[in-house]
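Worksheet for the structure shown next.
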Amino acid sequence: MSTNNKPHYDVIIIGGGSVGTPTALSLQQAGYKTLVIDQFASIGQGSNKKAIGGIRATHSDPAKIRLSLRSIEIFSTWKELYGDDIEWYKGGYVFVARREQEENTLKKLLVTQKSFGLNIDWLDKHEMLEVVPDLNPVDLRGGTFSPDDGNASPLLAIHAFYRQARARGAEFRFNEKVSGVIVENGQVKGVRTDKGSYSADVVINAAGPWADDVGKMVGIEVPVYPDSHESAITEPVARFLDPMIVDIRPMPGSSNYYFYQHYTGQIVFCITPSPQIWGKDDRETSTFLPMVARRMVDLMPRLKNIRVRRTWRGLYPMTPDGFPLVGWSQEVDGYLLAVGMCGQGYMLGPGLGELITRLVDNSITQDDEETLSYLSPYRQFAGQELLK
Amino acid sequence: MPEYRINKHPILAIPDRKKVTFFWQGTPITACEGETIASALFANGIRVFGHHHKDGSPQGIFCANGQCAQCLVIADTMPVKSCMELVREGARVEPANGLPVLPHVPEAPRMGEIEQLQVPVLIIGGGPAGMSAAIELGKLGIGVLLIDDKHRLGGKLVLQTHRFFGSTQAVYAGTRGIDIATRLENEVRGHASVEIWLQSTALAVFSDQKVGVLKNGGQYVLIQPQVLLVAAGAREKSLAFKGNTLPGVYGAGAFQTLVNRDLVRPSEKLFIVGGGNVGLIAGYHALQAGIGVVGLVEALPECGGYKVHKDKLARMGVPIYTSHTILSANGDDEVESVTIAQVNEKFQPIPGTEKSFACDTILIAVGLDPVDEFTHKAKEFGLPAFAAGDAEEIAEASAAMFSGKIKGVEIARHLGADIPDVPEDWYRTGEILKSKPGNNFEEIFPEVPSGVTPVLHCTQEIPCNPCSELCYLHLIQISHEDIRQVPTFTGGDTSCKGCKRCVIGCPGLAITLVDYRKDPENPLVYIPYEFTREALGERETVAVLDTQGKELGVLEVLAIQTMAKNDRTLLVQVRAPRAYAHQIAGLRIQESPIITPLEQYVDHVEDDTIICRCERVSAGEIRSLIRQGYRDINEIKAVSRAGMGACGSKTCNTLIYRLFREAGIPANEVIDNTRRPMFMEVPLGVFAAAEGIEE
């Protein structure tokens with residue numbers, strides 16, 4: 001089949017999710033004719049809608065810190081710039097410590113975080129109770145507080161990106177499954193789907209938990225292995241909680257869990273099972289609510305009476321070291337990876353979309369180079385991220 | 001404050017209940033012990049329970065079933081669903097205006113382990129279908145856990161004061177629903193292998209094949225059944241029209257709960273939307289409770305319910321507006337009037353035909369949807385699952401009983417019980433009981449010059465046969481093979497002895513008796529009557545009507561008779577001219593003033609047609625999304641929040657499909673909403689087995 005009579009795009013993005021959608025907007029804004037192809041019926045129906053909405057820059061490495069700082073700028077100024085309300089709320093993040101062990105971990109991390117210029121501080125028990133009065137004071141030692149972090153609606157945000165991308169000419173094809181990536185002489189030429197073929201100079205793998213499948217289409221192994229986490233949302237109540245609360249203390253059956261009060265007044269929460277549950281099974285389980293409920297009620301007794309409305313289970317596309325995989329393929333020219341977000345695709349997406357545009361544009365900065373060195377798909381996967 | 005309670009009822013006993021006092025916005029309110037806050041408020045004339053946090057719209061009762069959160073109030077600082085929460089002496093109840101404040105909890109409660117349980121069969125729903133299945137399984141000694149979310153077994157049977165249709169042999173036809181509930185309950189409780197949990201709600205079926213159940217309103221239990229039977233009944237469909245969420249607009253099921261369970265008189269003037277059996281029966285129940293029924297609209301040219309139900313309502317003085325639709329519910333904070341109009345063959349309102357009526361309540365009875373989410377999830381997750389009754393297919397309660405019985409045997413077979421297959425004729429009976437009304441025939445009047453004869457004002461094929469069973473002389477014939485046949489009287493002018501058993505036993509009140517023996521020119525006519533004696537008041541005369549509700553004359557009431565074994569149906573005796581004595585089918589119960597339209601119709605201009613009542617999403621918003629090309633209901637939900645509320649899209653999903661249909665988009669082009677647990681909102685502490693949960 002010749003590539004000449006297929007519709008041509010500068011860039012094709014596989015996956016209309018938390019990464020692919022803001023990336024499409026950014027590329028289209030830079031003048032690249034972009035097509036997004038997604039297997040689901042509408043935008044963000046894979047993992048984006050499963051995200052709970054937390055957005056923080058308080059990571060532990062310059063790459064994610066830099067990307068998230070830019071994302072926060074985009075989220076927090078979106079309404080001013082574009083008009084639509086994505087329910088951004090600058091409530092901050094709190095990591096609590098109730099044992100010496102977590103206190104030490106967080107304080108150690110604080111030094112690194114401050115060295116990157118993040119607005120984050122240690123609050124002792126008394127100060128912490130002023131910021132979050134409903135925390136259980138028993139055993140509370142304090143914790144970190146980063147007031148510039150926040151949250152926004154993943155559903156509304158992705159639709160906002162989608163609308164703007166389309167308004168600028170980006171095209172989206174839904175209900176369409178990519179079946180192959182066309183490569184000629186080591187150079188990407190386009191994409192084949194169950195409905196047709198499209199030619200392109202650049203193909204971006206932004207397929208989230210399906211990244212490895214899309215990698216295999218050009219013969220490369222993408223070390224992305226999804227595990228699953230369950231989440232839930234409650235009825236809305238009057239605001240009583242500002243920051244996202246994260247408890248990193250491991251307990252039997254789970255490692256960390258976190259919750260916040262969304263703009264609408266609802267509490268949204270999520271837990272990381274331990275050991276992790278690998279695979280793409282995203283059907284609700286009976287173990288989740290009993291596991292998370294006792295931890296939350298113990299940490300914040302006031303949550304005892306809030307009614308749980310809905311639960312769901314989503315996939316975290318994990319990598320061996322907990323860092324995303326972003327960069328050009330060394331095997332196939334024009335094939336770009338933007339995968340392995342390890343559950344942070346929503347908060348990294350907008351910043352990452354701009355970085356990818358600079359990659360496509362060949363206009364990366366020195367900062368970008370440092371960022372990309374952390375995220376290189378060809379790095380040695382040594383060690384684990386300190387703060388997940 | 002005036003009390004809106006039912007103190008006299010022709011069918012229901014009025015128990016003597018202890019009074020308790022609680023406070024509504026600081027004012028003391030008298031309530032009956034054991035009733036819900038919602039019913040107590042209604043009994044005191046309070047119908048607006050709060051205002052929505054999103055747009056300040058007034059909120060009142062809607063499902064009366066714990067499924068939505070429209071009736072939220074704040075009781076002793078705790079936000080609660082007033083339709084589920086019982087009144088407590090001295091409680092301080094406030095309206096939920098805006099978002100409720102989550103109460104403070106001084107310290108972490110003690111928490112326990114979640115109980116896990118394995119059972120051979122779990123049945124969700126202790127109504128006609130669930131109890132009938134449990135009885136079959138109980139007979140075989142198979143272990144059953146039967147759960148029901150209410151305080152007593154019976155499901156919707158406990159709201160049905162009328163005699164049931166169906167087959168006398170198969171399903172207790174001729175007996176009142178409330179009494180069938182008691183019989184089934186006694187029978188099911190007689191089986192040692194059946195365990196019953198009341199006030200216990202199924203919340204979710206999980207992929208590990210466990211069913212999460214809220215036991216006794218406060219304890220979370222995970223149950224692993226070998227087989228699940230979903231007999232959870234149906235939920236009422238909603239309807240999109242202007243003002244459709246005003247307090248005072250609610251479902252017929254909610255109405256029957258208030259009236260027949262809680263003995264509250266929630267309305268003075270009622271208007272009904274929908275001419276199926278549910279709407280027709282609700283109208284009858286209203287009249288029995290002393291509530292005026294202003295009218296009933298049905299969009300189709302004929303009512304879909306049984307003709308005998310429609311006739312009964314019509315001849316009691318309720319106007320039935322077929323080929324009409326509701327345009328709007330009107331009022332500031334609650335319903336004050338309704339506007340209707342005639343529709344053309346495309347169901348579009350015809351300008352110039354608008355009429356308004358003063359009313360305080362509008363019942364929506366436009367059909368039912370099966371509660372099928374548990375069945376779907378169980379099947380998806382590989383848990384063997386059956387459905388019975390309305391949860392499988394919407395039909396009459398008689399059909400639900402029989403389908404439960406069949407499913408009980410099927411489940412026993414599935415579990416390896418050494419019993420024969422379900423007999424073929426059971427399936428046939430099941431199908432007959434489920435059938436919709438068939439042909440309607442001309443009414444045939446017997447030519448009886450001198451004797452005594454029953455007149456069967458029953459001309460439509462429906463599955464019902466008590467009359468043929470009640471005639472001890474076997475003069476009324478209905479085929480045993482197919483009870484849908486119209487009954488025929490086969491006696492001559494001397495064969496009927498005038499025992500009147502058929503008159504008082506016909507569920508449709510469609511048999512009268514004409515006795516020519518004493519005075520052939522002015523025979524005595526006996527008319528079945530299910531109202532209080534007081535409803536005829538001190539009146540010495542009454543208007544008698546034919547089957548269609550046309551007035552034949554005004555006659556003197558000679559007597560109101562009670563018969564032995566009458567089961568609360570009375571007989572009104574009149575003497576009528578020979579010319580029309582046989583045409584008399586009923587009496588006018590309701591006098592005309594309340595059925596008169598307002599002089600000018602109320603033109604409701606505000607476009608406040610709500611599709612998602614939990615999140616206040618209007619029809620206009622969703623129509624606009626459909627026009628923009630949205631086809632995935634998940635996406636409509638993502639951008640509009642329709643379906644994200646407390647009820648979990650149970651109310652709006654079918655309305656959204658309707659809007660698609662209106663826009664000419666076939667259902668197969670629409671991507672359905674992903675359904676997720678929980679079935680009902682439950683406090684987080686319940687999942688931690690925390691002490692002191694307020695629910």
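Every chain in the structure tokens takes a letter, A first, then B, and so on in the order presented; its residues are numbered from 1, and the ligands are numbered from 1 following the presented order.
By only C-alpha atoms, and with residues fewer than 4 positions from B:Leu184 along its chain excluded, the set lying at most 10 Å from it is Gly126, Gly127, Pro128, Met131, Ser132, Ala134, Ile135, Leu153, Gly154, Asp179, Ile180, Val188, Arg189, Gly190 and Met401 of chain B.
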Selection to disk with all heavy atoms, as a JSON list (two decimals), in the first residue's frame:
[["chain", "number", "residue", "atom", "x", "y", "z"],
["B", 126, "GLY", "N", -37.40, -9.31, 49.29],
["B", 126, "GLY", "CA", -38.41, -10.16, 49.92],
["B", 126, "GLY", "C", -39.81, -9.78, 49.52],
["B", 126, "GLY", "O", -40.70, -9.70, 50.36],
["B", 127, "GLY", "N", -39.99, -9.49, 48.24],
["B", 127, "GLY", "CA", -41.33, -9.21, 47.72],
["B", 127, "GLY", "C", -41.96, -10.49, 47.20],
["B", 127, "GLY", "O", -41.55, -11.58, 47.58],
["B", 128, "PRO", "N", -42.97, -10.36, 46.32],
["B", 128, "PRO", "CA", -43.68, -11.55, 45.84],
["B", 128, "PRO", "C", -42.74, -12.55, 45.17],
["B", 128, "PRO", "O", -42.86, -13.76, 45.41],
["B", 128, "PRO", "CB", -44.70, -10.98, 44.84],
["B", 128, "PRO", "CG", -44.31, -9.56, 44.60],
["B", 128, "PRO", "CD", -43.57, -9.10, 45.81],
["B", 131, "MET", "N", -39.93, -14.04, 47.87],
["B", 131, "MET", "CA", -40.52, -14.94, 48.87],
["B", 131, "MET", "C", -40.96, -16.24, 48.20],
["B", 131, "MET", "O", -40.77, -17.32, 48.76],
["B", 131, "MET", "CB", -41.70, -14.27, 49.58],
["B", 131, "MET", "CG", -41.24, -13.28, 50.64],
["B", 131, "MET", "SD", -42.56, -12.89, 51.83],
["B", 131, "MET", "CE", -43.61, -11.86, 50.86],
["B", 132, "SER", "N", -41.57, -16.13, 47.01],
["B", 132, "SER", "CA", -42.04, -17.35, 46.34],
["B", 132, "SER", "C", -40.86, -18.27, 46.02],
["B", 132, "SER", "O", -40.97, -19.50, 46.17],
["B", 132, "SER", "CB", -42.79, -16.99, 45.06],
["B", 132, "SER", "OG", -43.88, -16.16, 45.36],
["B", 134, "ALA", "N", -37.98, -18.35, 47.65],
["B", 134, "ALA", "CA", -37.46, -18.85, 48.93],
["B", 134, "ALA", "C", -38.32, -20.00, 49.45],
["B", 134, "ALA", "O", -37.80, -20.96, 50.04],
["B", 134, "ALA", "CB", -37.41, -17.72, 49.95],
["B", 135, "ILE", "N", -39.62, -19.92, 49.20],
["B", 135, "ILE", "CA", -40.52, -20.99, 49.66],
["B", 135, "ILE", "C", -40.19, -22.29, 48.94],
["B", 135, "ILE", "O", -40.05, -23.35, 49.56],
["B", 135, "ILE", "CB", -42.00, -20.58, 49.44],
["B", 135, "ILE", "CG1", -42.37, -19.49, 50.45],
["B", 135, "ILE", "CG2", -42.93, -21.78, 49.57],
["B", 135, "ILE", "CD1", -43.67, -18.76, 50.15],
["B", 153, "LEU", "N", -41.29, -7.92, 55.40],
["B", 153, "LEU", "CA", -41.31, -8.60, 54.11],
["B", 153, "LEU", "C", -42.55, -8.19, 53.33],
["B", 153, "LEU", "O", -43.51, -7.68, 53.89],
["B", 153, "LEU", "CB", -41.32, -10.12, 54.31],
["B", 153, "LEU", "CG", -40.01, -10.77, 54.77],
["B", 153, "LEU", "CD1", -40.22, -12.26, 55.00],
["B", 153, "LEU", "CD2", -38.88, -10.55, 53.78],
["B", 154, "GLY", "N", -42.53, -8.45, 52.04],
["B", 154, "GLY", "CA", -43.72, -8.20, 51.24],
["B", 154, "GLY", "C", -43.47, -7.33, 50.02],
["B", 154, "GLY", "O", -44.24, -7.35, 49.07],
["B", 179, "ASP", "N", -52.71, -8.88, 52.15],
["B", 179, "ASP", "CA", -52.93, -10.18, 52.80],
["B", 179, "ASP", "C", -52.08, -11.27, 52.18],
["B", 179, "ASP", "O", -51.65, -12.20, 52.86],
["B", 179, "ASP", "CB", -54.42, -10.54, 52.73],
["B", 179, "ASP", "CG", -55.28, -9.48, 53.41],
["B", 179, "ASP", "OD1", -54.80, -8.93, 54.42],
["B", 179, "ASP", "OD2", -56.37, -9.18, 52.92],
["B", 180, "ILE", "N", -51.81, -11.14, 50.86],
["B", 180, "ILE", "CA", -50.90, -12.11, 50.23],
["B", 180, "ILE", "C", -49.53, -11.98, 50.88],
["B", 180, "ILE", "O", -48.85, -12.97, 51.15],
["B", 180, "ILE", "CB", -50.81, -11.86, 48.71],
["B", 180, "ILE", "CG1", -52.17, -12.05, 48.05],
["B", 180, "ILE", "CG2", -49.79, -12.81, 48.08],
["B", 180, "ILE", "CD1", -52.20, -11.71, 46.57],
["B", 188, "VAL", "N", -42.96, -18.48, 54.26],
["B", 188, "VAL", "CA", -41.49, -18.48, 54.11],
["B", 188, "VAL", "C", -40.82, -18.62, 55.49],
["B", 188, "VAL", "O", -39.80, -19.29, 55.64],
["B", 188, "VAL", "CB", -41.01, -17.25, 53.31],
["B", 188, "VAL", "CG1", -40.99, -15.99, 54.13],
["B", 188, "VAL", "CG2", -39.63, -17.51, 52.72],
["B", 189, "ARG", "N", -41.41, -18.03, 56.48],
["B", 189, "ARG", "CA", -40.84, -18.12, 57.83],
["B", 189, "ARG", "C", -40.95, -19.52, 58.41],
["B", 189, "ARG", "O", -40.29, -19.86, 59.38],
["B", 189, "ARG", "CB", -41.48, -17.09, 58.76],
["B", 189, "ARG", "CG", -40.99, -15.68, 58.51],
["B", 189, "ARG", "CD", -41.43, -14.72, 59.60],
["B", 189, "ARG", "NE", -41.11, -13.34, 59.27],
["B", 189, "ARG", "CZ", -39.92, -12.77, 59.45],
["B", 189, "ARG", "NH1", -38.93, -13.47, 59.98],
["B", 189, "ARG", "NH2", -39.71, -11.51, 59.12],
["B", 190, "GLY", "N", -41.83, -20.34, 57.81],
["B", 190, "GLY", "CA", -41.98, -21.71, 58.27],
["B", 190, "GLY", "C", -40.87, -22.64, 57.80],
["B", 190, "GLY", "O", -40.81, -23.79, 58.22],
["B", 401, "MET", "N", -44.94, -13.53, 41.50],
["B", 401, "MET", "CA", -45.00, -14.68, 42.41],
["B", 401, "MET", "C", -44.69, -15.95, 41.66],
["B", 401, "MET", "O", -43.93, -16.79, 42.10],
["B", 401, "MET", "CB", -46.40, -14.79, 43.02],
["B", 401, "MET", "CG", -46.57, -13.92, 44.23],
["B", 401, "MET", "SD", -48.23, -14.11, 44.87],
["B", 401, "MET", "CE", -49.01, -12.67, 44.22]]
Give me, as an mmCIF file with all heavy atoms, in the first residue's frame, the contact residues of chain A against chain B at a cut-off of 6 Å, counting only C-alpha atoms.
data_model
loop_
_atom_site.group_PDB
_atom_site.id
_atom_site.type_symbol
_atom_site.label_atom_id
_atom_site.label_comp_id
_atom_site.auth_asym_id
_atom_site.auth_seq_id
_atom_site.Cartn_x
_atom_site.Cartn_y
_atom_site.Cartn_z
ATOM 1 N N LEU A 155 -12.097 15.060 34.461
ATOM 2 C CA LEU A 155 -13.092 14.976 33.392
ATOM 3 C C LEU A 155 -13.235 16.316 32.680
ATOM 4 O O LEU A 155 -13.253 16.390 31.455
ATOM 5 C CB LEU A 155 -14.451 14.568 33.984
ATOM 6 C CG LEU A 155 -14.478 13.287 34.801
ATOM 7 C CD1 LEU A 155 -15.797 13.162 35.552
ATOM 8 C CD2 LEU A 155 -14.279 12.087 33.897
ATOM 9 N N VAL A 237 -20.386 17.546 50.759
ATOM 10 C CA VAL A 237 -20.689 18.245 52.018
ATOM 11 C C VAL A 237 -19.978 19.604 51.990
ATOM 12 O O VAL A 237 -19.092 19.818 51.164
ATOM 13 C CB VAL A 237 -20.235 17.441 53.263
ATOM 14 C CG1 VAL A 237 -21.033 16.150 53.413
ATOM 15 C CG2 VAL A 237 -18.750 17.144 53.227
ATOM 16 N N ALA A 238 -20.367 20.469 52.898
ATOM 17 C CA ALA A 238 -19.756 21.802 52.954
ATOM 18 C C ALA A 238 -18.247 21.662 53.187
ATOM 19 O O ALA A 238 -17.792 20.744 53.869
ATOM 20 C CB ALA A 238 -20.402 22.619 54.064
ATOM 21 N N ARG A 283 -12.026 -4.377 37.329
ATOM 22 C CA ARG A 283 -13.375 -4.583 37.885
ATOM 23 C C ARG A 283 -13.322 -4.414 39.407
ATOM 24 O O ARG A 283 -12.365 -4.836 40.062
ATOM 25 C CB ARG A 283 -13.865 -5.975 37.509
ATOM 26 C CG ARG A 283 -13.802 -6.231 35.991
ATOM 27 C CD ARG A 283 -14.030 -7.692 35.653
ATOM 28 N NE ARG A 283 -13.211 -8.571 36.462
ATOM 29 C CZ ARG A 283 -13.445 -9.877 36.633
ATOM 30 N NH1 ARG A 283 -14.476 -10.426 36.044
ATOM 31 N NH2 ARG A 283 -12.653 -10.605 37.380
ATOM 32 N N GLU A 284 -14.362 -3.842 39.958
ATOM 33 C CA GLU A 284 -14.370 -3.501 41.375
ATOM 34 C C GLU A 284 -14.244 -4.746 42.270
ATOM 35 O O GLU A 284 -14.795 -5.776 41.962
ATOM 36 C CB GLU A 284 -15.636 -2.711 41.726
ATOM 37 C CG GLU A 284 -16.958 -3.331 41.268
ATOM 38 C CD GLU A 284 -17.387 -2.963 39.848
ATOM 39 O OE1 GLU A 284 -16.569 -2.483 39.057
ATOM 40 O OE2 GLU A 284 -18.576 -3.199 39.531
ATOM 41 N N THR A 285 -13.505 -4.613 43.378
ATOM 42 C CA THR A 285 -13.330 -5.740 44.308
ATOM 43 C C THR A 285 -13.976 -5.438 45.662
ATOM 44 O O THR A 285 -14.208 -4.282 46.012
ATOM 45 C CB THR A 285 -11.847 -6.033 44.577
ATOM 46 O OG1 THR A 285 -11.333 -5.010 45.442
ATOM 47 C CG2 THR A 285 -11.039 -6.090 43.300
ATOM 48 N N SER A 286 -14.188 -6.494 46.416
ATOM 49 C CA SER A 286 -14.825 -6.316 47.729
ATOM 50 C C SER A 286 -13.826 -5.911 48.806
ATOM 51 O O SER A 286 -14.215 -5.529 49.901
ATOM 52 C CB SER A 286 -15.526 -7.613 48.140
ATOM 53 O OG SER A 286 -14.565 -8.598 48.474
ATOM 54 N N LEU A 289 -13.045 -1.217 49.904
ATOM 55 C CA LEU A 289 -13.676 -0.298 50.865
ATOM 56 C C LEU A 289 -13.333 -0.625 52.313
ATOM 57 O O LEU A 289 -12.977 0.292 53.079
ATOM 58 C CB LEU A 289 -15.189 -0.234 50.637
ATOM 59 C CG LEU A 289 -15.607 0.660 49.465
ATOM 60 C CD1 LEU A 289 -17.072 0.453 49.125
ATOM 61 C CD2 LEU A 289 -15.327 2.131 49.769
ATOM 62 N N PRO A 290 -13.409 -1.889 52.739
ATOM 63 C CA PRO A 290 -13.025 -2.156 54.126
ATOM 64 C C PRO A 290 -11.568 -1.757 54.422
ATOM 65 O O PRO A 290 -11.255 -1.262 55.507
ATOM 66 C CB PRO A 290 -13.221 -3.677 54.254
ATOM 67 C CG PRO A 290 -14.274 -4.002 53.247
ATOM 68 C CD PRO A 290 -13.990 -3.075 52.100
ATOM 69 N N ALA A 293 -11.355 2.260 54.335
ATOM 70 C CA ALA A 293 -12.241 2.961 55.273
ATOM 71 C C ALA A 293 -11.616 3.026 56.665
ATOM 72 O O ALA A 293 -11.613 4.078 57.307
ATOM 73 C CB ALA A 293 -13.603 2.267 55.328
ATOM 74 N N ARG A 294 -11.046 1.922 57.135
ATOM 75 C CA ARG A 294 -10.521 1.960 58.505
ATOM 76 C C ARG A 294 -9.326 2.873 58.607
ATOM 77 O O ARG A 294 -9.130 3.553 59.616
ATOM 78 C CB ARG A 294 -10.229 0.561 59.044
ATOM 79 C CG ARG A 294 -9.499 -0.346 58.113
ATOM 80 C CD ARG A 294 -9.569 -1.787 58.567
ATOM 81 N NE ARG A 294 -9.277 -1.922 59.994
ATOM 82 C CZ ARG A 294 -10.082 -2.503 60.863
ATOM 83 N NH1 ARG A 294 -11.211 -3.026 60.448
ATOM 84 N NH2 ARG A 294 -9.743 -2.590 62.122
ATOM 85 N N ASP A 298 -9.597 6.267 60.882
ATOM 86 C CA ASP A 298 -8.614 6.375 61.961
ATOM 87 C C ASP A 298 -7.823 7.677 61.848
ATOM 88 O O ASP A 298 -7.546 8.341 62.843
ATOM 89 C CB ASP A 298 -7.664 5.170 61.901
ATOM 90 C CG ASP A 298 -6.702 5.170 63.076
ATOM 91 O OD1 ASP A 298 -7.178 5.347 64.215
ATOM 92 O OD2 ASP A 298 -5.486 5.024 62.854
ATOM 93 N N PRO A 301 -11.345 10.987 61.956
ATOM 94 C CA PRO A 301 -12.604 10.392 62.445
ATOM 95 C C PRO A 301 -13.856 11.047 61.872
ATOM 96 O O PRO A 301 -14.887 10.391 61.723
ATOM 97 C CB PRO A 301 -12.519 10.596 63.959
ATOM 98 C CG PRO A 301 -11.051 10.669 64.249
ATOM 99 C CD PRO A 301 -10.429 11.343 63.051
ATOM 100 N N ARG A 302 -13.764 12.312 61.514
ATOM 101 C CA ARG A 302 -14.947 13.006 60.995
ATOM 102 C C ARG A 302 -15.481 12.364 59.715
ATOM 103 O O ARG A 302 -16.651 12.530 59.373
ATOM 104 C CB ARG A 302 -14.568 14.473 60.726
ATOM 105 C CG ARG A 302 -15.756 15.364 60.508
ATOM 106 C CD ARG A 302 -15.363 16.809 60.359
ATOM 107 N NE ARG A 302 -16.534 17.650 60.199
ATOM 108 C CZ ARG A 302 -16.483 18.958 60.005
ATOM 109 N NH1 ARG A 302 -15.312 19.581 59.988
ATOM 110 N NH2 ARG A 302 -17.583 19.657 59.872
ATOM 111 N N LYS A 304 -16.106 9.399 59.241
ATOM 112 C CA LYS A 304 -16.921 8.250 59.586
ATOM 113 C C LYS A 304 -18.335 8.323 59.006
ATOM 114 O O LYS A 304 -18.891 7.325 58.551
ATOM 115 C CB LYS A 304 -16.991 8.173 61.120
ATOM 116 C CG LYS A 304 -17.862 7.082 61.667
ATOM 117 C CD LYS A 304 -17.821 7.047 63.190
ATOM 118 C CE LYS A 304 -18.947 7.867 63.778
ATOM 119 N NZ LYS A 304 -19.265 7.477 65.170
ATOM 120 N N ASN A 305 -18.920 9.504 59.028
ATOM 121 C CA ASN A 305 -20.330 9.624 58.640
ATOM 122 C C ASN A 305 -20.573 10.064 57.200
ATOM 123 O O ASN A 305 -21.718 10.194 56.782
ATOM 124 C CB ASN A 305 -21.043 10.600 59.571
ATOM 125 C CG ASN A 305 -21.151 10.048 60.971
ATOM 126 O OD1 ASN A 305 -21.651 8.953 61.170
ATOM 127 N ND2 ASN A 305 -20.624 10.775 61.953
ATOM 128 N N ILE A 306 -19.493 10.303 56.469
ATOM 129 C CA ILE A 306 -19.748 10.761 55.092
ATOM 130 C C ILE A 306 -20.119 9.562 54.241
ATOM 131 O O ILE A 306 -19.542 8.486 54.362
ATOM 132 C CB ILE A 306 -18.540 11.533 54.508
ATOM 133 C CG1 ILE A 306 -18.975 12.307 53.275
ATOM 134 C CG2 ILE A 306 -17.365 10.600 54.194
ATOM 135 C CD1 ILE A 306 -18.020 13.421 52.888
ATOM 136 N N ARG A 307 -21.126 9.747 53.408
ATOM 137 C CA ARG A 307 -21.625 8.593 52.642
ATOM 138 C C ARG A 307 -20.834 8.369 51.354
ATOM 139 O O ARG A 307 -20.648 9.311 50.567
ATOM 140 C CB ARG A 307 -23.101 8.787 52.317
ATOM 141 C CG ARG A 307 -23.997 8.369 53.462
ATOM 142 C CD ARG A 307 -25.441 8.529 53.079
ATOM 143 N NE ARG A 307 -25.771 9.931 53.133
ATOM 144 C CZ ARG A 307 -26.606 10.458 54.030
ATOM 145 N NH1 ARG A 307 -27.205 9.683 54.889
ATOM 146 N NH2 ARG A 307 -26.857 11.737 54.033
ATOM 147 N N VAL A 308 -20.429 7.138 51.161
ATOM 148 C CA VAL A 308 -19.703 6.761 49.948
ATOM 149 C C VAL A 308 -20.718 6.610 48.824
ATOM 150 O O VAL A 308 -21.738 5.946 48.991
ATOM 151 C CB VAL A 308 -18.949 5.435 50.141
ATOM 152 C CG1 VAL A 308 -18.180 5.071 48.867
ATOM 153 C CG2 VAL A 308 -18.019 5.522 51.334
ATOM 154 N N ARG A 309 -20.427 7.241 47.716
ATOM 155 C CA ARG A 309 -21.379 7.228 46.609
ATOM 156 C C ARG A 309 -20.996 6.199 45.545
ATOM 157 O O ARG A 309 -21.819 5.409 45.145
ATOM 158 C CB ARG A 309 -21.434 8.629 45.992
ATOM 159 C CG ARG A 309 -22.325 8.751 44.791
ATOM 160 C CD ARG A 309 -22.534 10.199 44.391
ATOM 161 N NE ARG A 309 -23.420 10.881 45.326
ATOM 162 C CZ ARG A 309 -23.805 12.153 45.205
ATOM 163 N NH1 ARG A 309 -23.339 12.863 44.184
ATOM 164 N NH2 ARG A 309 -24.611 12.703 46.079
ATOM 165 N N ARG A 310 -19.764 6.215 45.085
ATOM 166 C CA ARG A 310 -19.402 5.348 43.957
ATOM 167 C C ARG A 310 -17.951 4.914 44.071
ATOM 168 O O ARG A 310 -17.127 5.671 44.583
ATOM 169 C CB ARG A 310 -19.558 6.132 42.652
ATOM 170 C CG ARG A 310 -20.078 5.306 41.513
ATOM 171 C CD ARG A 310 -21.577 5.439 41.334
ATOM 172 N NE ARG A 310 -22.000 6.775 41.068
ATOM 173 C CZ ARG A 310 -23.085 7.310 41.619
ATOM 174 N NH1 ARG A 310 -23.824 6.620 42.458
ATOM 175 N NH2 ARG A 310 -23.426 8.545 41.340
ATOM 176 N N THR A 311 -17.665 3.726 43.606
ATOM 177 C CA THR A 311 -16.280 3.258 43.584
ATOM 178 C C THR A 311 -15.910 2.808 42.171
ATOM 179 O O THR A 311 -16.776 2.476 41.374
ATOM 180 C CB THR A 311 -16.055 2.062 44.535
ATOM 181 O OG1 THR A 311 -16.490 0.870 43.885
ATOM 182 C CG2 THR A 311 -16.796 2.215 45.835
#
**Asked** Can you list, as a VMD selection string, every protein, DNA or RNA residue that comes within 10 Å of stretch 112-117 of chain A when you count only C-alpha atoms, leaving out same-chain residues fewer than 5 positions away?
**Response** chain A and resid 57 to 62 65 to 66 106 to 107
**Request:** Would you mind writing down, as JSON, numbers by chain, each residue of stretch 132-353 of chain B that DSSP on the backbone assigns to strand (DSSP E or B)?
**Result:** {"B": [144, 145, 146, 147, 163, 166, 176, 194, 195, 196, 197, 201, 202, 203, 204, 205, 211, 212, 213, 214, 215, 219, 220, 221, 222, 223, 224, 225, 226, 227, 228, 229, 230, 234, 235, 236, 242, 249, 250, 251, 264, 269, 270, 271, 272, 273, 292, 293, 294, 295, 296, 297, 298, 320, 321, 322, 324, 325, 326, 327, 328, 329, 330, 337, 338, 339, 340, 341, 342, 343, 349]}
